[in-house]
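Data file: structure.pdb. Format and content: PDB, C-alpha atoms.
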```pdb
ATOM      1  CA  MET A 445       5.345   3.742  12.912
ATOM      2  CA  ILE A 446       2.231   4.396  10.832
ATOM      3  CA  THR A 447       1.846   4.012   7.082
ATOM      4  CA  GLU A 448      -0.477   6.339   5.199
ATOM      5  CA  THR A 449      -1.892   5.054   1.911
ATOM      6  CA  ALA A 450      -3.340   7.691  -0.410
ATOM      7  CA  TYR A 451      -4.985   6.589  -3.660
ATOM      8  CA  MET A 452      -5.044   9.473  -6.133
ATOM      9  CA  THR A 453      -7.181   9.133  -9.256
ATOM     10  CA  ILE A 454      -5.965  11.532 -11.931
ATOM     11  CA  ARG A 455      -7.986  13.109 -14.705
ATOM     12  CA  VAL A 456      -7.293  11.313 -17.978
ATOM     13  CA  GLY A 457      -4.498  13.064 -19.864
ATOM     14  CA  HIS A 458      -3.196  14.867 -16.772
ATOM     15  CA  GLU A 459      -0.846  12.118 -15.566
ATOM     16  CA  ALA A 460       2.368  13.901 -16.652
ATOM     17  CA  GLU A 461       1.119  17.107 -15.001
ATOM     18  CA  PHE A 462       0.463  15.173 -11.773
ATOM     19  CA  GLU A 463       3.924  13.589 -11.808
ATOM     20  CA  ALA A 464       5.594  16.944 -12.427
ATOM     21  CA  ALA A 465       3.616  18.571  -9.595
ATOM     22  CA  LEU A 466       4.509  15.700  -7.290
ATOM     23  CA  ILE A 467       8.220  16.374  -7.684
ATOM     24  CA  ARG A 468       7.648  19.749  -6.041
ATOM     25  CA  ALA A 469       4.872  18.651  -3.673
ATOM     26  CA  ARG A 470       6.668  15.687  -2.135
ATOM     27  CA  THR A 471       9.243  17.981  -0.513
ATOM     28  CA  LEU A 472       6.431  19.557   1.514
ATOM     29  CA  VAL A 473       5.648  16.167   3.032
ATOM     30  CA  GLU A 474       9.240  15.039   3.422
ATOM     31  CA  GLN A 475      10.154  18.206   5.331
ATOM     32  CA  THR A 476       7.422  17.592   7.900
ATOM     33  CA  PRO A 477       8.687  16.420  11.311
ATOM     34  CA  GLY A 478       7.917  12.717  11.787
ATOM     35  CA  CYS A 479       7.844  11.913   8.061
ATOM     36  CA  LEU A 480       9.850   8.757   7.391
ATOM     37  CA  GLY A 481       9.647   8.792   3.602
ATOM     38  CA  LEU A 482       7.311   8.843   0.606
ATOM     39  CA  THR A 483       6.975   6.450  -2.313
ATOM     40  CA  VAL A 484       4.847   6.758  -5.443
ATOM     41  CA  GLN A 485       3.608   3.916  -7.633
ATOM     42  CA  ARG A 486       1.208   3.714 -10.554
ATOM     43  CA  GLY A 487      -1.580   1.186 -11.037
ATOM     44  CA  VAL A 488      -0.989  -1.707 -13.414
ATOM     45  CA  GLU A 489      -4.701  -2.525 -13.625
ATOM     46  CA  ARG A 490      -5.771   1.128 -13.153
ATOM     47  CA  PRO A 491      -3.151   3.384 -14.820
ATOM     48  CA  SER A 492      -5.022   6.552 -13.852
ATOM     49  CA  VAL A 493      -4.559   5.743 -10.162
ATOM     50  CA  TYR A 494      -1.380   6.479  -8.196
ATOM     51  CA  LEU A 495      -0.637   4.947  -4.806
ATOM     52  CA  VAL A 496       1.284   7.365  -2.601
ATOM     53  CA  THR A 497       2.647   5.653   0.526
ATOM     54  CA  ILE A 498       4.018   7.779   3.353
ATOM     55  CA  GLY A 499       5.656   6.588   6.567
ATOM     56  CA  TRP A 500       5.010   8.597   9.738
ATOM     57  CA  GLU A 501       6.399   8.224  13.247
ATOM     58  CA  SER A 502       2.865   8.730  14.601
ATOM     59  CA  LEU A 503      -0.682   9.344  13.368
ATOM     60  CA  ASP A 504      -0.566  12.897  14.710
ATOM     61  CA  ASP A 505       2.539  13.668  12.664
ATOM     62  CA  HIS A 506       0.246  13.305   9.637
ATOM     63  CA  LEU A 507      -3.147  14.479  10.945
ATOM     64  CA  VAL A 508      -1.865  17.428  12.969
ATOM     65  CA  GLY A 509       1.742  18.106  11.973
ATOM     66  CA  PHE A 510       1.065  17.993   8.237
ATOM     67  CA  ARG A 511      -2.692  18.433   7.742
ATOM     68  CA  GLU A 512      -2.908  21.482  10.002
ATOM     69  CA  SER A 513       0.204  23.121   8.558
ATOM     70  CA  ASP A 514       0.519  25.590   5.717
ATOM     71  CA  ARG A 515       2.312  22.841   3.798
ATOM     72  CA  PHE A 516      -0.931  20.904   3.368
ATOM     73  CA  GLY A 517      -2.562  23.824   1.569
ATOM     74  CA  GLN A 518       0.421  24.116  -0.750
ATOM     75  CA  TRP A 519       0.360  20.340  -1.394
ATOM     76  CA  ARG A 520      -3.311  20.412  -2.361
ATOM     77  CA  ALA A 521      -2.835  23.535  -4.490
ATOM     78  CA  LEU A 522      -0.100  21.754  -6.482
ATOM     79  CA  LEU A 523      -1.824  18.382  -6.909
ATOM     80  CA  GLY A 524      -5.536  19.161  -6.596
ATOM     81  CA  PRO A 525      -6.059  20.461 -10.172
ATOM     82  CA  THR A 526      -5.111  17.028 -11.545
ATOM     83  CA  PHE A 527      -7.455  15.010  -9.285
ATOM     84  CA  ALA A 528     -10.497  13.351 -10.859
ATOM     85  CA  GLU A 529     -11.947  12.801  -7.383
ATOM     86  CA  PRO A 530     -10.862  13.358  -3.756
ATOM     87  CA  PRO A 531      -7.986  11.080  -2.701
ATOM     88  CA  SER A 532      -8.830   8.014  -0.627
ATOM     89  CA  VAL A 533      -6.625   8.035   2.500
ATOM     90  CA  GLU A 534      -6.171   5.395   5.222
ATOM     91  CA  HIS A 535      -3.612   4.539   7.895
ATOM     92  CA  TRP A 536      -1.978   1.224   8.768
ATOM     93  CA  GLY A 537      -0.157   0.076  11.865
ATOM     94  CA  PRO A 538       2.417  -2.651  12.402
ATOM     95  CA  VAL A 539       1.545  -6.267  13.119
ATOM     96  CA  GLU A 540       3.920  -7.853  15.601
ATOM     97  CA  PHE A 541       4.819 -11.443  14.882
ATOM     98  CA  PRO A 542       6.608 -13.615  17.423
ATOM     99  CA  ALA A 543      10.248 -14.198  16.542
TER     100      ALA A 543
ATOM    101  CA  MET B 861       9.844  -4.294  -9.690
ATOM    102  CA  ILE B 862       6.121  -4.693  -9.066
ATOM    103  CA  THR B 863       4.267  -4.237  -5.794
ATOM    104  CA  GLU B 864       1.227  -6.370  -5.049
ATOM    105  CA  THR B 865      -1.304  -4.947  -2.587
ATOM    106  CA  ALA B 866      -3.742  -7.437  -1.090
ATOM    107  CA  TYR B 867      -6.477  -6.173   1.232
ATOM    108  CA  MET B 868      -7.726  -9.008   3.438
ATOM    109  CA  THR B 869     -10.918  -8.478   5.433
ATOM    110  CA  ILE B 870     -11.052 -10.920   8.332
ATOM    111  CA  ARG B 871     -14.131 -12.317  10.050
ATOM    112  CA  VAL B 872     -14.687 -10.515  13.336
ATOM    113  CA  GLY B 873     -13.018 -12.423  16.152
ATOM    114  CA  HIS B 874     -10.705 -14.358  13.825
ATOM    115  CA  GLU B 875      -7.885 -11.797  13.713
ATOM    116  CA  ALA B 876      -5.533 -13.786  15.995
ATOM    117  CA  GLU B 877      -6.207 -16.918  13.917
ATOM    118  CA  PHE B 878      -5.369 -14.996  10.740
ATOM    119  CA  GLU B 879      -2.129 -13.643  12.177
ATOM    120  CA  ALA B 880      -1.074 -17.099  13.374
ATOM    121  CA  ALA B 881      -1.845 -18.631   9.968
ATOM    122  CA  LEU B 882       0.087 -15.872   8.263
ATOM    123  CA  ILE B 883       3.277 -16.778  10.109
ATOM    124  CA  ARG B 884       3.175 -20.146   8.315
ATOM    125  CA  ALA B 885       1.686 -18.889   5.057
ATOM    126  CA  ARG B 886       4.142 -16.073   4.421
ATOM    127  CA  THR B 887       6.982 -18.546   3.934
ATOM    128  CA  LEU B 888       5.124 -19.972   0.919
ATOM    129  CA  VAL B 889       5.261 -16.556  -0.728
ATOM    130  CA  GLU B 890       8.772 -15.679   0.381
ATOM    131  CA  GLN B 891      10.162 -18.932  -1.042
ATOM    132  CA  THR B 892       8.752 -18.173  -4.482
ATOM    133  CA  PRO B 893      11.361 -17.143  -7.082
ATOM    134  CA  GLY B 894      11.105 -13.404  -7.773
ATOM    135  CA  CYS B 895       9.583 -12.538  -4.389
ATOM    136  CA  LEU B 896      11.373  -9.520  -2.905
ATOM    137  CA  GLY B 897       9.642  -9.491   0.469
ATOM    138  CA  LEU B 898       6.309  -9.329   2.257
ATOM    139  CA  THR B 899       4.985  -6.879   4.835
ATOM    140  CA  VAL B 900       1.753  -6.998   6.829
ATOM    141  CA  GLN B 901      -0.045  -4.046   8.376
ATOM    142  CA  ARG B 902      -3.416  -3.639  10.086
ATOM    143  CA  GLY B 903      -5.977  -0.914   9.441
ATOM    144  CA  VAL B 904      -6.200   1.966  11.900
ATOM    145  CA  GLU B 905      -9.615   3.033  10.607
ATOM    146  CA  ARG B 906     -10.647  -0.537   9.689
ATOM    147  CA  PRO B 907      -9.095  -2.942  12.242
ATOM    148  CA  SER B 908     -10.626  -5.992  10.543
ATOM    149  CA  VAL B 909      -8.652  -5.262   7.364
ATOM    150  CA  TYR B 910      -5.014  -6.244   6.841
ATOM    151  CA  LEU B 911      -2.861  -4.817   4.057
ATOM    152  CA  VAL B 912      -0.379  -7.403   2.789
ATOM    153  CA  THR B 913       2.237  -5.832   0.501
ATOM    154  CA  ILE B 914       4.482  -8.091  -1.564
ATOM    155  CA  GLY B 915       7.365  -7.067  -3.818
ATOM    156  CA  TRP B 916       7.910  -9.061  -7.011
ATOM    157  CA  GLU B 917      10.623  -8.830  -9.652
ATOM    158  CA  SER B 918       7.903  -9.116 -12.319
ATOM    159  CA  LEU B 919       4.128  -9.459 -12.629
ATOM    160  CA  ASP B 920       4.536 -13.036 -13.864
ATOM    161  CA  ASP B 921       6.485 -13.987 -10.756
ATOM    162  CA  HIS B 922       3.207 -13.426  -8.908
ATOM    163  CA  LEU B 923       0.555 -14.374 -11.476
ATOM    164  CA  VAL B 924       2.334 -17.441 -12.881
ATOM    165  CA  GLY B 925       5.176 -18.351 -10.519
ATOM    166  CA  PHE B 926       3.063 -18.139  -7.364
ATOM    167  CA  ARG B 927      -0.593 -18.315  -8.437
ATOM    168  CA  GLU B 928      -0.087 -21.370 -10.628
ATOM    169  CA  SER B 929       2.057 -23.199  -8.077
ATOM    170  CA  ASP B 930       0.999 -25.649  -5.388
ATOM    171  CA  ARG B 931       2.069 -23.010  -2.874
ATOM    172  CA  PHE B 932      -0.931 -20.853  -3.756
ATOM    173  CA  GLY B 933      -3.358 -23.623  -2.826
ATOM    174  CA  GLN B 934      -1.576 -24.085   0.512
ATOM    175  CA  TRP B 935      -1.639 -20.310   1.122
ATOM    176  CA  ARG B 936      -5.379 -20.104   0.527
ATOM    177  CA  ALA B 937      -6.027 -23.213   2.626
ATOM    178  CA  LEU B 938      -4.212 -21.600   5.573
ATOM    179  CA  LEU B 939      -5.718 -18.108   5.315
ATOM    180  CA  GLY B 940      -9.042 -18.644   3.530
ATOM    181  CA  PRO B 941     -11.046 -19.837   6.561
ATOM    182  CA  THR B 942     -10.508 -16.465   8.246
ATOM    183  CA  PHE B 943     -11.587 -14.325   5.268
ATOM    184  CA  ALA B 944     -14.886 -12.430   5.510
ATOM    185  CA  GLU B 945     -14.762 -11.838   1.741
ATOM    186  CA  PRO B 946     -12.354 -12.521  -1.147
ATOM    187  CA  PRO B 947      -9.142 -10.458  -0.907
ATOM    188  CA  SER B 948      -8.853  -7.380  -3.110
ATOM    189  CA  VAL B 949      -5.598  -7.600  -5.082
ATOM    190  CA  GLU B 950      -3.899  -5.038  -7.344
ATOM    191  CA  HIS B 951      -0.428  -4.393  -8.758
ATOM    192  CA  TRP B 952       1.641  -1.219  -8.835
ATOM    193  CA  GLY B 953       4.632  -0.231 -10.925
ATOM    194  CA  PRO B 954       7.397   2.280 -10.335
ATOM    195  CA  VAL B 955       7.133   5.949 -11.285
ATOM    196  CA  GLU B 956      10.419   7.324 -12.570
ATOM    197  CA  PHE B 957      11.178  10.861 -11.484
ATOM    198  CA  PRO B 958      13.997  12.864 -13.039
ATOM    199  CA  ALA B 959      16.971  13.214 -10.706
TER     200      ALA B 959
END
```

Represent the structure from my file as C-alpha coordinates, please.
Amino acid sequence: MITETAYMTIRVGHEAEFEAALIRARTLVEQTPGCLGLTVQRGVERPSVYLVTIGWESLDDHLVGFRESDRFGQWRALLGPTFAEPPSVEHWGPVEFPA
Amino acid sequence: MITETAYMTIRVGHEAEFEAALIRARTLVEQTPGCLGLTVQRGVERPSVYLVTIGWESLDDHLVGFRESDRFGQWRALLGPTFAEPPSVEHWGPVEFPA
(Lines of atoms letter the chains of each structure in order from A and count residues from 1; the text may use other names and numbers.)
(Lines give C-alpha, C1' and ligand atoms only; values in the text may rest on other atoms or scores of the structure.)
Protein backbone atom coordinates (compact mmCIF):
# COMPACT_ATOMS: atom_id res chain seq x y z
CA MET A 1 0.00 0.00 0.00
CA ILE A 2 1.47 3.30 -1.19
CA THR A 3 -0.05 6.75 -0.85
CA GLU A 4 0.58 9.34 -3.54
CA THR A 5 0.31 12.99 -2.51
CA ALA A 6 -0.07 15.49 -5.34
CA TYR A 7 -0.16 19.21 -4.53
CA MET A 8 -1.83 21.12 -7.35
CA THR A 9 -1.56 24.91 -7.38
CA ILE A 10 -4.34 26.40 -9.49
CA ARG A 11 -4.30 29.67 -11.38
CA VAL A 12 -6.26 32.29 -9.46
CA GLY A 13 -9.86 32.36 -10.65
CA HIS A 14 -9.68 28.89 -12.22
CA GLU A 15 -10.61 26.91 -9.10
CA ALA A 16 -14.17 26.08 -10.25
CA GLU A 17 -12.79 25.01 -13.65
CA PHE A 18 -10.28 22.73 -11.90
CA GLU A 19 -12.97 21.16 -9.71
CA ALA A 20 -15.24 20.57 -12.69
CA ALA A 21 -12.39 18.98 -14.68
CA LEU A 22 -11.51 16.79 -11.72
CA ILE A 23 -14.96 15.22 -11.70
CA ARG A 24 -14.18 13.80 -15.14
CA ALA A 25 -10.45 13.25 -14.59
CA ARG A 26 -10.71 11.27 -11.36
CA THR A 27 -12.43 8.39 -13.16
CA LEU A 28 -9.28 7.92 -15.24
CA VAL A 29 -7.30 7.30 -12.07
CA GLU A 30 -9.95 5.26 -10.30
CA GLN A 31 -10.27 2.88 -13.27
CA THR A 32 -6.55 2.10 -13.19
CA PRO A 33 -5.69 -1.38 -11.84
CA GLY A 34 -4.20 -1.08 -8.34
CA CYS A 35 -5.91 2.23 -7.53
CA LEU A 36 -7.43 2.07 -4.06
CA GLY A 37 -9.19 5.43 -4.09
CA LEU A 38 -8.75 9.17 -4.54
CA THR A 39 -9.56 12.06 -2.22
CA VAL A 40 -9.41 15.79 -2.88
CA GLN A 41 -9.01 18.54 -0.29
CA ARG A 42 -8.44 22.28 -0.51
CA GLY A 43 -5.92 24.31 1.47
CA VAL A 44 -7.16 26.30 4.45
CA GLU A 45 -3.99 28.42 4.58
CA ARG A 46 -3.44 28.24 0.79
CA PRO A 47 -6.87 28.17 -0.94
CA SER A 48 -5.31 28.00 -4.40
CA VAL A 49 -3.69 24.66 -3.56
CA TYR A 50 -5.50 21.31 -3.72
CA LEU A 51 -4.15 18.15 -2.11
CA VAL A 52 -5.05 15.08 -4.16
CA THR A 53 -4.33 11.85 -2.26
CA ILE A 54 -4.40 8.55 -4.12
CA GLY A 55 -3.95 5.06 -2.68
CA TRP A 56 -2.12 2.49 -4.80
CA GLU A 57 -1.45 -1.20 -4.22
CA SER A 58 2.15 -0.63 -5.37
CA LEU A 59 4.42 2.16 -6.61
CA ASP A 60 4.43 0.64 -10.10
CA ASP A 61 0.64 0.78 -10.27
CA HIS A 62 1.09 4.57 -10.30
CA LEU A 63 4.44 5.04 -12.09
CA VAL A 64 3.91 2.41 -14.77
CA GLY A 65 0.24 1.40 -14.77
CA PHE A 66 -1.07 4.96 -14.75
CA ARG A 67 1.78 7.23 -15.86
CA GLU A 68 2.62 5.14 -18.92
CA SER A 69 -1.01 4.68 -19.95
CA ASP A 70 -3.12 6.76 -22.29
CA ARG A 71 -5.17 7.74 -19.24
CA PHE A 72 -2.33 9.91 -17.93
CA GLY A 73 -2.34 12.02 -21.08
CA GLN A 74 -6.09 12.50 -20.80
CA TRP A 75 -5.75 13.41 -17.09
CA ARG A 76 -3.15 16.07 -17.83
CA ALA A 77 -5.14 17.40 -20.79
CA LEU A 78 -8.18 17.90 -18.52
CA LEU A 79 -6.40 19.42 -15.52
CA GLY A 80 -3.22 20.94 -16.96
CA PRO A 81 -4.81 24.17 -18.30
CA THR A 82 -5.76 25.17 -14.74
CA PHE A 83 -2.30 24.57 -13.21
CA ALA A 84 -0.26 27.60 -12.12
CA GLU A 85 2.83 25.38 -11.87
CA PRO A 86 3.66 21.66 -12.26
CA PRO A 87 2.14 19.51 -9.50
CA SER A 88 4.40 18.40 -6.66
CA VAL A 89 4.13 14.60 -6.31
CA GLU A 90 5.56 12.26 -3.66
CA HIS A 91 4.89 8.75 -2.37
CA TRP A 92 4.49 7.46 1.18
CA GLY A 93 4.71 3.97 2.61
CA PRO A 94 3.25 2.45 5.75
CA VAL A 95 4.94 2.58 9.14
CA GLU A 96 4.45 -0.61 11.11
CA PHE A 97 3.91 -0.14 14.81
CA PRO A 98 4.04 -3.04 17.25
CA ALA A 99 0.61 -4.06 18.50
CA MET B 1 -14.00 17.88 8.94
CA ILE B 2 -10.47 19.25 8.64
CA THR B 3 -7.31 17.32 7.82
CA GLU B 4 -4.02 18.39 9.36
CA THR B 5 -0.86 17.42 7.47
CA ALA B 6 2.37 17.56 9.46
CA TYR B 7 5.66 16.83 7.70
CA MET B 8 8.30 15.80 10.24
CA THR B 9 11.93 15.64 9.11
CA ILE B 10 13.91 13.41 11.46
CA ARG B 11 17.61 13.60 12.26
CA VAL B 12 19.46 10.90 10.35
CA GLY B 13 19.79 7.80 12.51
CA HIS B 14 16.97 8.80 14.85
CA GLU B 15 14.11 7.27 12.85
CA ALA B 16 13.61 4.29 15.21
CA GLU B 17 13.63 6.69 18.19
CA PHE B 18 10.99 8.84 16.48
CA GLU B 19 8.76 5.86 15.73
CA ALA B 20 9.04 4.59 19.31
CA ALA B 21 8.21 8.04 20.71
CA LEU B 22 5.26 8.31 18.37
CA ILE B 23 3.65 5.19 19.82
CA ARG B 24 3.37 7.08 23.13
CA ALA B 25 2.76 10.52 21.65
CA ARG B 26 -0.09 9.60 19.34
CA THR B 27 -2.34 8.80 22.30
CA LEU B 28 -2.07 12.45 23.39
CA VAL B 29 -3.58 13.51 20.07
CA GLU B 30 -6.13 10.72 19.84
CA GLN B 31 -7.50 11.52 23.30
CA THR B 32 -8.18 15.13 22.33
CA PRO B 33 -11.88 15.97 21.82
CA GLY B 34 -12.62 16.37 18.10
CA CYS B 35 -9.75 14.15 16.94
CA LEU B 36 -11.00 11.72 14.29
CA GLY B 37 -7.82 9.68 13.91
CA LEU B 38 -4.12 9.80 13.13
CA THR B 39 -2.08 8.04 10.45
CA VAL B 40 1.68 7.95 9.96
CA GLN B 41 3.51 7.27 6.71
CA ARG B 42 7.17 7.46 5.68
CA GLY B 43 8.56 9.06 2.54
CA VAL B 44 9.53 6.81 -0.35
CA GLU B 45 11.59 9.55 -2.02
CA ARG B 46 12.57 11.16 1.32
CA PRO B 47 12.95 8.39 3.94
CA SER B 48 13.88 10.88 6.67
CA VAL B 49 10.47 12.56 6.35
CA TYR B 50 7.29 11.27 7.98
CA LEU B 51 3.82 12.47 7.00
CA VAL B 52 1.50 12.53 10.01
CA THR B 53 -2.14 13.06 8.96
CA ILE B 54 -4.72 13.90 11.61
CA GLY B 55 -8.47 14.31 11.15
CA TRP B 56 -10.23 16.95 13.24
CA GLU B 57 -13.91 17.85 13.54
CA SER B 58 -12.92 21.53 13.35
CA LEU B 59 -9.83 23.72 13.00
CA ASP B 60 -10.22 24.88 16.60
CA ASP B 61 -10.13 21.31 17.86
CA HIS B 62 -6.51 21.32 16.69
CA LEU B 63 -5.42 24.94 17.17
CA VAL B 64 -7.14 25.52 20.52
CA GLY B 65 -8.20 22.13 21.91
CA PHE B 66 -4.84 20.46 21.29
CA ARG B 67 -2.27 23.23 20.80
CA GLU B 68 -3.31 25.12 23.92
CA SER B 69 -3.53 22.01 26.08
CA ASP B 70 -0.87 20.43 28.27
CA ARG B 71 -0.93 17.51 25.85
CA PHE B 72 0.81 19.59 23.19
CA GLY B 73 3.79 20.24 25.46
CA GLN B 74 4.05 16.51 26.21
CA TRP B 75 3.80 15.70 22.48
CA ARG B 76 6.63 18.07 21.60
CA ALA B 77 8.75 16.85 24.52
CA LEU B 78 8.45 13.27 23.24
CA LEU B 79 9.03 13.95 19.53
CA GLY B 80 11.02 17.20 19.47
CA PRO B 81 14.45 15.69 20.25
CA THR B 82 14.30 13.69 17.01
CA PHE B 83 13.35 16.61 14.74
CA ALA B 84 15.96 17.90 12.27
CA GLU B 85 13.84 21.03 11.75
CA PRO B 86 10.45 22.36 12.89
CA PRO B 87 7.52 20.37 11.44
CA SER B 88 5.66 21.86 8.49
CA VAL B 89 1.94 21.94 9.32
CA GLU B 90 -1.07 22.82 7.13
CA HIS B 91 -4.83 22.24 7.15
CA TRP B 92 -7.13 21.00 4.41
CA GLY B 93 -10.88 21.22 4.00
CA PRO B 94 -13.33 19.11 2.03
CA VAL B 95 -14.18 19.75 -1.61
CA GLU B 96 -17.84 19.09 -2.35
CA PHE B 97 -18.50 17.47 -5.70
CA PRO B 98 -22.00 17.22 -7.14
CA ALA B 99 -23.38 13.69 -6.96

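Every protein or nucleic acid residue with an atom no more than 8 Å from Thr453 of chain A, counting only C-alpha atoms and leaving out same-chain residues fewer than 3 positions away, appears here: Ser492, Val493, Tyr494, Phe527, Ala528, Glu529, Pro530 and Pro531 of chain A.
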
So what does the PyMOL selection byres ((chain B) within 6 of (chain A)) actually pick up in this one, as a ChimeraX atom specification? /B:901-904,951-955

For the structure provided, state which residues fall under the PyMOL selection byres ((chain A and resi 471-475) around 8), and present them as a list in words.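 The output of the PyMOL selection byres ((chain A and resi 471-475) around 8) on this file is Ile467, Arg468, Ala469, Arg470, Thr476, Pro477, Cys479, Leu480, Gly481, Leu482, Phe510, Arg515, Phe516, Gln518 and Trp519 of chain A.
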
If I take atom CA of Arg520 of chain A and atom CA of Tyr451 of chain A, how far is one from the other in Å, to one decimal?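 Atom CA of Arg520 of chain A sits 14.0 Å away from atom CA of Tyr451 of chain A.
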
Expressed in Å, the length from atom CA of Ala881 of chain B to atom CA of Leu939 of chain B is 6.1 Å
